[in-house]
Amino acid sequence: MQDPTPERGGSTRPAEERRRGATAAGPASGGASWLQRVFEEVRGSSQLSVTPAEPPPVTVVAVERYLAQPPPPPAAAPQYWYDVTLADGARQERCYLAPRLNGLVQRAHLRAGTRLRLTRCSYLYDEKRLNYGFLCLEELERVGGPGPTPAAAPPRHRQPPLRGEKKHYLPLWNNEDPYGDMWLADKPQAQVEVDVSKLTSLGQLEMTWKSRVNFHPLLVRVLHKSRLRYYGKPERKLDMPYQAYFEVADGSGMMSMVLWNSLCPEWYNSMKVGTVLLLEQYAIKSSYPFKTQPTPGDSQMKRFATIEISLNVRDPPTKINIIPEEMVKPEWGLPEVKYRFITRSELDDLPNNHSCDVIGLVTFVGRAERARKREHGEDFWLYRWAHAIDGTSDQPFILELFATSQPDVFEHIHPMTYLVCTQMRVVRDLTENPSSTIYLTTSNESQIFITGWHKGQPYTKDTKVKNFIQWTKKQSEADQMKKTVIGGYYPFPRPPNNFLKYCKSNKVESVLKAIGETGKEIEDLHYREHKRIAVQGIISAIRYISCSSAAAEASGVELVQKDTSQSLESSAMSKEDGVHKGKTTNPQNKEVKSVLGPHCTPGEQRQQQAQVSKKSSVKRKIPRRLNADAEQGSASLIPVSSYPYFTRSARRKFGLKEFQQEEFVQDKNEQAVSDSLQCCTDLEGMSDTPETEQTARTCDSWQSNLWAQVKDKLMKYLHHSTIFPESIPRKFDYVHKDLLMQQYNLHAAVHQPKETRTDKNISEFKSASGLGYYEVTVLGINHDVAIDVAFLPLCCPEDPHLFQLEDIQNDTLLSCMSCISACQQKATSNERLRDMFPLSNEIVKAAMDLDGKHVVCILDICHLGEDKVEVFLSKIYKTVEPGVPDPV
């Protein structure tokens with residue numbers, strides 16, 4: 001008997017039924033299923049475990065997360081479990097991921113679309129259910145090349161998670177977004193007759209609620225809507241632990257309404273701002289005192305703050321009807337939704353925490369990033385930065401957009417769209433720095449809308465919205481497109497000018513980290529997690545790296561990591577040994593040494609391995625720096641192309657011999673500093689100098705005397721100065737907007753192959769930032785540890801207001817590197833000279849002013865997926881004397 005809707009996950013049906021389904025599904029798919037054979041083999045094994053011989057590649061179709069069950073005390077366990085749907089071309093199988101492999105998901109090694117081999121699996125029975133079990137993935141190995149086409153997408157009506165008693169999956173990367181088909185897009189609007197004589201009002205409820213058990217129907221309009229709150233914990237038994245607040249109003253005033261638990265998937269998406277609701281059989285309770293409060297658009301509206309309306313599926317079972325807007329009658333006296341729109345020209349005069357609404361044309365949108373809610377926890381806030389202009393100021397709105405339970409909008413924000421953000425809060429601190437940039441951040445009640453979502457929204461009637469639309473009609477699309485940028489590293493908000501202020505704003509107990517601990521900080525990062533840490537050190541060396549050199553180094557990282565000798569699981573087991581014993585290992589390879597960079601065929605692998613061996617010849621020609629790292633047990637495997645101070649391609653450009661620059665930097669330190677001061681000329685002078693003369697006197701690095709003395713004696717040397725293609729802000733390309741949005745969003749939970757694919761790589765899109773970047777070496781204050789980090793100057797000549805340059809009076813060295821790079825980019829029109837700029841006199845002087853001095857460096861770190869972690873220098877604070885931090 002053939003199941004009309006075959007369960008591709010398979011493991012949620014009794015075994016006999018599964019065999020019948022497999023028999024029917026196999027021939028229809030054109031061949032026997034390898035996954036089905038493994039399922040039968042492992043279930044029949046005496047150990048309930050098998051190691052398949054020569055397993056073929058399978059494709060990950062979906063990776064889905066759900067709440068774990070608590071272990072018996074005092075054992076510790078992960079808060080979440082993961083189910084992985086695999087496809088072998090004939091069928092799909094839903095499997096449980098062994099919790100010790102959770103890190104593969106958390107760092108995006110294992111994601112939808114990945115190809116892998118299943119090298120060991122087991123079968124788990126649920127002893128509390130009859131004839132119920134599922135496959136458990138114990139060991140995996142990632143492979144490259146095109147994967148088998150999934151037989152079909154996962155069934156629309158997904159079965160509950162494989163393990164435990166939970167009934168639904170959570171979104172993969174946060175808890176605020178609705179996920180899965182249980183979240184209804186829209187409830188049908190009811191054609192109901194409203195008997196006004198039977199209605200009560202919010203004002204009457206407040207006066208009589210204590211003396212009543214049953215309440216008359218309510219007719220209200222939704223004025224504000226909060227994001228979803230998921231309050232599930234492993235020890236709780238609730239099926240749908242969700243909650244959402246709404247502010248509803250009638251002619252008498254405004255009151256909070258709470259939607260609880262299983263009513264959230266049914267009604268949350270349908271209850272929009274402006275929706276009219278007829279409520280019956282609801283409950284009234286005292287208000288939760290610590291709930292956030294939106295700012296009403298109508299300041300005269302009365303707020304009933306002592307009680308709230310509670311909508312439950314039982315006790316009593318609430319009856320909800322949505323009244324279509326065309327049926328709403330004026331005599332009902334329902335208030336209209338009002339807003340507090342401001343223009344950009346008005347923003348500078350608003351106080352901190354002021355609530356407002358904004359509309360603008362998006363000129364920049366950053367990548368989606370995550371911030372940990374609690375240190376060492378597994379829950380994250382999801383957010384991104386955006387800029388929008390409205391024509392009233394040269395400055396854009398700078399917007400910090402946290403996920404507002406609107407994933408379809410959040411994931412489709414792109415330049416050139418009209419963006420509306422409501423209930424935004426002003427963030428500024430005039431006492432710290434009057435010139436500091438002001439920005440807006442979302443609140444719990446914020447809603448965001450983009451082009452395609454504006455129709456029918458109440459704000460379309462607002463005067464300032466209409467004025468903005470009129471302004472956009474006068475703009476040249478081509479001129480605005482020149483200013484658009486998407487993705488990349490975005491260093492905002494800047495750390496405060498004073499380190500003590502930074503300490504006060506930091507929520508962790510210990511602000512300062514030891515440089516040697518940064519490797520552990522990086523290891524613990526999850527996918528797209530952004531974190532800011534502070535380390536003490538001494539600025540010891542600076543190197544300018546051109547765009548072409550940067551590309552070579554990034555590719556070098558990918559090539560070095562192509563090692564297929566270990567399984568994902570065995571690498572996970574050996575990682576800790578390497579770290580604790582001080583071996584030369586990459587802390588970013590937390591689980592996977594065998595993970596390949598880009599997908600590639602065996603032929604491509606051989607070609608790339610040949611490139612690795614060719615590059616390793618460069619590595620051998622620098623024995624002093626390399627051997628020091630190897631002997632002392634560096635915690636990071638430095639990319640082979642970044643050992644020399646010039647990459648091979650850069651040497652060809654500069655016409656230098658292979659050893660010339662290495663000796664110049666390492667053995668002639670004093671002469672290097674004086675030469676840099678003499679030979680680094682002004683930009684105007686360089687533009688008129690013949691190329692041969694420029695080449696002869698180009699210097700791109702500086703190092704201190706102290707560094708020359710201690711660099712070969714370090715106990716640990718961390719190398720985290722590589723910049724990846726994902727770190728570079730790119731010029732927006734409307735033709736490839738879908739590809740760009742996919743690149744800068746998070747990996748999807750479910751694989752969704754496109755009918756039309758493009759081979760365009762993210763590196764092919766034009767960079768919107770400067771000509772290159774700087775590698776800065778920070779030496780530990782005990783002279784035994786050092787770290788290389790990157791500084792990326794950001795400048796967009798077409799829109800000078802896009803990236804704010806550092807204030808020179810507050811951070812001289814980083815300001816010089818930012819300003820000089822900006823001037824270089826503006827002055828350079830000859831592509832032939834784009835990679836020819838040396839360190840400027842100003843940069844060298846600023847570096848020498850810090851020579852030997854203790855400073856505090858603020859580092860921005862972000863996990864980009866797999867083994868890619870960017871580490872950027874964001875701020876430098878000088879310490880005048882021990883224990884007395886002071887601004888530079």
# chains A, B, ... in the order shown; residues from 1 in each chain; ligands from 1
call {"tool": "residues_around", "arguments": {"residues": "Phe468 in chain A", "least_positions_apart": "2", "cutoff": "12 Å", "atoms": "only C-alpha atoms", "output": "list in words"}}
result
Phe341, Ile342, Thr343, Arg344, Val358, Ile359, Gly360, Leu361, Ala388, Ile389, Asp390, Gly391, Thr392, Tyr418, Leu419, Val420, Thr460, Lys461, Asp462, Thr463, Lys464, Val465, Lys466, Gln470, Trp471, Thr472, Lys473, Lys474 and Gln475 of chain A
call {"tool": "write_last_selection", "arguments": {"atoms": "N, CA and C atoms", "output": "compact mmCIF listing (two decimals), in the first residue's frame"}}
result
# COMPACT_ATOMS: atom_id res chain seq x y z
N PHE A 341 5.83 60.25 12.63
CA PHE A 341 6.91 60.29 11.65
C PHE A 341 7.76 61.54 11.84
N ILE A 342 9.08 61.35 11.66
CA ILE A 342 10.01 62.48 11.68
C ILE A 342 10.83 62.44 10.39
N THR A 343 11.41 63.58 10.04
CA THR A 343 12.35 63.63 8.92
C THR A 343 13.76 63.56 9.47
N ARG A 344 14.73 63.31 8.59
CA ARG A 344 16.13 63.24 9.03
C ARG A 344 16.60 64.60 9.56
N VAL A 358 9.85 56.40 10.98
CA VAL A 358 10.63 56.98 9.88
C VAL A 358 10.32 56.27 8.58
N ILE A 359 10.54 56.98 7.49
CA ILE A 359 10.46 56.41 6.15
C ILE A 359 11.63 56.95 5.35
N GLY A 360 12.24 56.08 4.54
CA GLY A 360 13.37 56.52 3.75
C GLY A 360 13.69 55.55 2.63
N LEU A 361 14.55 55.99 1.73
CA LEU A 361 15.06 55.17 0.63
C LEU A 361 16.34 54.50 1.11
N ALA A 388 19.05 54.90 5.46
CA ALA A 388 17.95 55.34 4.60
C ALA A 388 17.97 56.87 4.53
N ILE A 389 17.69 57.41 3.37
CA ILE A 389 17.67 58.87 3.17
C ILE A 389 16.26 59.32 2.83
N ASP A 390 15.95 60.58 3.19
CA ASP A 390 14.61 61.10 2.86
C ASP A 390 14.65 62.46 2.19
N GLY A 391 15.86 62.94 1.83
CA GLY A 391 15.98 64.19 1.09
C GLY A 391 15.99 65.45 1.93
N THR A 392 15.80 65.33 3.25
CA THR A 392 15.78 66.54 4.09
C THR A 392 17.13 66.85 4.70
N TYR A 418 11.81 51.28 -0.46
CA TYR A 418 11.27 52.25 0.49
C TYR A 418 11.04 51.54 1.81
N LEU A 419 11.69 52.02 2.85
CA LEU A 419 11.65 51.35 4.14
C LEU A 419 10.89 52.20 5.16
N VAL A 420 9.92 51.59 5.81
CA VAL A 420 9.18 52.22 6.91
C VAL A 420 9.50 51.46 8.20
N THR A 460 0.11 55.08 5.09
CA THR A 460 0.11 55.68 3.74
C THR A 460 -0.68 56.98 3.70
N LYS A 461 -1.51 57.23 4.72
CA LYS A 461 -2.29 58.48 4.77
C LYS A 461 -1.52 59.61 5.45
N ASP A 462 -0.36 59.31 6.05
CA ASP A 462 0.38 60.32 6.82
C ASP A 462 1.00 61.37 5.89
N THR A 463 0.98 62.63 6.32
CA THR A 463 1.47 63.73 5.48
C THR A 463 2.96 63.58 5.15
N LYS A 464 3.78 63.21 6.13
CA LYS A 464 5.21 63.10 5.88
C LYS A 464 5.53 61.92 4.97
N VAL A 465 4.73 60.90 5.01
CA VAL A 465 4.91 59.79 4.08
C VAL A 465 4.60 60.26 2.66
N LYS A 466 3.53 61.02 2.51
CA LYS A 466 3.18 61.55 1.18
C LYS A 466 4.27 62.50 0.67
N GLN A 470 6.60 62.12 -2.80
CA GLN A 470 6.78 63.20 -3.78
C GLN A 470 8.26 63.47 -4.03
N TRP A 471 9.07 63.42 -2.98
CA TRP A 471 10.52 63.64 -3.15
C TRP A 471 11.14 62.55 -4.02
N THR A 472 10.74 61.30 -3.80
CA THR A 472 11.33 60.20 -4.56
C THR A 472 11.03 60.32 -6.05
N LYS A 473 9.89 60.91 -6.39
CA LYS A 473 9.53 61.04 -7.80
C LYS A 473 10.44 62.01 -8.55
N LYS A 474 11.12 62.88 -7.80
CA LYS A 474 12.01 63.86 -8.42
C LYS A 474 13.46 63.37 -8.50
N GLN A 475 13.73 62.19 -7.96
CA GLN A 475 15.11 61.71 -7.90
C GLN A 475 15.47 60.89 -9.13
call {"tool": "residues_around", "arguments": {"residues": "Pro407 in chain A", "least_positions_apart": "5", "cutoff": "10 Å", "atoms": "only C-alpha atoms", "output": "count of residues only"}}
result
6
call {"tool": "residues_around", "arguments": {"residues": "Tyr459 in chain A", "least_positions_apart": "6", "cutoff": "12 Å", "atoms": "only C-alpha atoms", "output": "ChimeraX atom specification"}}
result
/A:223,273-274,297,336-341,357-359,420-422,447-449,453,465-466
call {"tool": "select_by_dssp", "arguments": {"residues": "range 349-498 of chain A", "states": "strand (DSSP E)", "output": "ChimeraX atom specification"}}
result
/A:355-365,369-372,380-389,397-402,418-427,439-442,448-449,485-486
call {"tool": "residues_around", "arguments": {"residues": "Asn352 in chain A", "least_positions_apart": "2", "cutoff": "6 Å", "atoms": "only C-alpha atoms", "output": "PyMOL selection string"}}
result
chain A and resi 354+426-428
call {"tool": "write_last_selection", "arguments": {"atoms": "N, CA and C atoms", "output": "CSV table (one decimal), in the first residue's frame"}}
result
chain,number,residue,atom,x,y,z
A,354,HIS,N,13.8,58.9,22.6
A,354,HIS,CA,12.6,59.4,22.0
A,354,HIS,C,12.0,58.4,21.0
A,426,VAL,N,15.4,56.7,19.7
A,426,VAL,CA,16.6,57.4,19.4
A,426,VAL,C,17.7,57.0,20.4
A,427,VAL,N,18.9,56.8,19.9
A,427,VAL,CA,20.1,56.5,20.7
A,427,VAL,C,21.1,57.5,20.5
A,428,ARG,N,21.5,58.2,21.6
A,428,ARG,CA,22.5,59.3,21.5
A,428,ARG,C,23.0,59.5,23.0
call {"tool": "atom_distance", "arguments": {"atom1": "CA of Ile787 in chain A", "atom2": "CA of Ile515 in chain A"}}
result
7.1 Å
call {"tool": "residues_around", "arguments": {"residues": "range 73-88 of chain A", "least_positions_apart": "3", "cutoff": "9 Å", "atoms": "only C-alpha atoms", "output": "ChimeraX atom specification"}}
result
/A:8-9,33-35,56-70,91-100,102,105,111-112,137,147-152,154,161-163,233-234,377-378,750
call {"tool": "select_by_dssp", "arguments": {"residues": "range 67-181 of chain A", "states": "alpha helix (DSSP H)", "output": "list in words"}}
result
Asn102, Gly103, Leu104, Val105 and Gln106 of chain A
call {"tool": "write_last_selection", "arguments": {"atoms": "N, CA and C atoms", "output": "mmCIF file, in the first residue's frame"}}
result
data_model
loop_
_atom_site.group_PDB
_atom_site.id
_atom_site.type_symbol
_atom_site.label_atom_id
_atom_site.label_comp_id
_atom_site.auth_asym_id
_atom_site.auth_seq_id
_atom_site.Cartn_x
_atom_site.Cartn_y
_atom_site.Cartn_z
ATOM 1 N N ASN A 102 26.476 19.153 17.555
ATOM 2 C CA ASN A 102 25.707 20.388 17.412
ATOM 3 C C ASN A 102 26.562 21.548 16.915
ATOM 4 N N GLY A 103 27.827 21.562 17.289
ATOM 5 C CA GLY A 103 28.713 22.642 16.855
ATOM 6 C C GLY A 103 28.826 22.749 15.352
ATOM 7 N N LEU A 104 28.618 21.641 14.634
ATOM 8 C CA LEU A 104 28.669 21.697 13.171
ATOM 9 C C LEU A 104 27.563 22.593 12.620
ATOM 10 N N VAL A 105 26.403 22.558 13.256
ATOM 11 C CA VAL A 105 25.303 23.439 12.853
ATOM 12 C C VAL A 105 25.559 24.853 13.357
ATOM 13 N N GLN A 106 25.997 24.954 14.601
ATOM 14 C CA GLN A 106 26.159 26.270 15.225
ATOM 15 C C GLN A 106 27.225 27.107 14.533
#
call {"tool": "atom_distance", "arguments": {"atom1": "CA of Glu206 in chain A", "atom2": "CA of Glu308 in chain A"}}
result
9.2 Å
call {"tool": "residues_around", "arguments": {"residues": "range 762-777 of chain A", "least_positions_apart": "5", "cutoff": "6 Å", "atoms": "only C-alpha atoms", "output": "number ranges by chain"}}
result
A: 540-547, 721, 725, 729-731, 787-792, 794-796, 825
call {"tool": "atom_distance", "arguments": {"atom1": "CA of Lys187 in chain A", "atom2": "CA of Ser270 in chain A"}}
result
5.9 Å
call {"tool": "closest_residue", "arguments": {"among": "A:Leu279, A:Leu263, A:Ile438, A:Val409", "to": "Gln395 in chain A", "atoms": "only C-alpha atoms"}}
result
A:Ile438
call {"tool": "closest_residue", "arguments": {"among": "A:Asp349, A:Glu369, A:Glu870, A:Glu193", "to": "His530 in chain A", "atoms": "only C-alpha atoms"}}
result
A:Glu369
call {"tool": "closest_residue", "arguments": {"among": "A:Leu350, A:Leu718, A:Ala32, A:Leu116", "to": "Ile522 in chain A", "atoms": "only C-alpha atoms"}}
result
A:Leu718
